[in-house]
Amino acid sequence: VREGLGGATTPDRHGGPAAWTGAIRARRAAAAAASADGSETSDGPSGTGVVSGIPALDDGALFLDDLLHGAGEHPPPYPFKSATEAAARVFGGGSARPDALVAKRCLFLYYLLDAGAPAEGAPASFARSARLSPRLFAQTVAAAALDDWDSQTALDEARALVPKMARKDLPAKFVAALVARGAPAAALA
């Protein structure tokens with residue numbers, strides 16, 4: 001794992017596994033509370049999943065939860081204690097479907113970012129070696145930033161990044177997450 005990351009070790013910006021687990025719980029609670037503010041989901045004839053004019057937030061699921069479920073039938077417990085454990089849990093089992101393999105690569109990248117590694121360091125090195133497209137790299141960086149409900153710096157990063165990623169195929173969840181985080185202007189930029 002370290003060779004693929006350029007010899008880098010992953011930092012721990014959370015202060016250990018227990019604190020990191022607590023941070024994940026707090027993020028999930030914040031996302032669920034933001035989703036609950038809309039309370040009514042209207043799938044209507046268009047099937048848009050609109051909550052009071054805002055795209056639904058998957059009932060408050062984090063981007064992390066989407067990646068965990070995309071990685072296979074039995075998602076690994078998160079957070080991981082080390083990059084080695086992350087690699088073993090993410091790549092050591094589960095589905096080998098192409099979409100699951102992409103989700104696994106993005107999940108490992110998300111882990112590196114969530115651990116505190118700067119995007120241009122080990123995460124970029126991993127993305128290149130795993131042959132993740134620049135689009136998926138940018139989306140994963142934005143997803144990790146949008147999931148970090150306690151960090152204004154992460155929100156500022158997402159505010160700058162999401163409008164640059166705007167395309168027809170950008171999942172609406174990115175826009176919805178910006179709105180839920182209180183950045184509707186950036187969501188519409």
# chains A, B, ... in the order shown; residues from 1 in each chain; ligands from 1
$ residues_around --residues "A:Ala183" --least-positions-apart "3" --cutoff "12 Å" --atoms "only C-alpha atoms" --output "list in words"
Leu146, Gln152, Leu155, Asp156, Glu157, Ala158, Arg159, Ala160, Val162, Pro163, Phe174, Val175, Ala176, Ala177, Leu178, Val179, Ala180, Ala186, Ala187, Leu188 and Ala189 of chain A
$ residues_around --residues "A:Asp12" --least-positions-apart "2" --cutoff "8 Å" --atoms "only C-alpha atoms" --output "mmCIF file with C-alpha atoms, in the first residue's frame"
data_model
loop_
_atom_site.group_PDB
_atom_site.id
_atom_site.type_symbol
_atom_site.label_atom_id
_atom_site.label_comp_id
_atom_site.auth_asym_id
_atom_site.auth_seq_id
_atom_site.Cartn_x
_atom_site.Cartn_y
_atom_site.Cartn_z
ATOM 1 C CA THR A 10 -1.878 8.425 6.228
ATOM 2 C CA HIS A 14 -9.305 13.092 14.023
ATOM 3 C CA GLY A 15 -7.191 12.065 17.013
ATOM 4 C CA GLY A 16 -7.706 8.320 16.850
ATOM 5 C CA ALA A 115 -7.779 10.935 7.211
ATOM 6 C CA GLY A 116 -6.353 14.359 6.406
#
$ residues_around --residues "A:Arg28" --least-positions-apart "2" --cutoff "9 Å" --atoms "only C-alpha atoms" --output "list in words"
Ala23, Ile24, Arg25, Ala26, Ala30, Ala31, Ala32, Ala33, Gly60, Ala61, Leu62 and Asp147 of chain A
$ residues_around --residues "A:His74" --least-positions-apart "2" --cutoff "7 Å" --atoms "only C-alpha atoms" --output "list in words"
Gly72, Pro76 and Gly94 of chain A
$ write_last_selection --atoms "N, CA and C atoms" --output "CSV table (one decimal), in the first residue's frame"
chain,number,residue,atom,x,y,z
A,72,GLY,N,-20.0,-3.1,-2.2
A,72,GLY,CA,-20.4,-4.6,-2.1
A,72,GLY,C,-21.6,-4.8,-1.2
A,76,PRO,N,-17.8,-2.6,4.4
A,76,PRO,CA,-16.8,-2.6,5.5
A,76,PRO,C,-17.1,-1.6,6.6
A,94,GLY,N,-15.8,-8.7,-1.3
A,94,GLY,CA,-16.9,-8.0,-1.9
A,94,GLY,C,-17.0,-8.2,-3.4
$ atom_distance --atom1 "atom CA of A:Ala124" --atom2 "atom CA of A:Tyr111"
12.6 Å
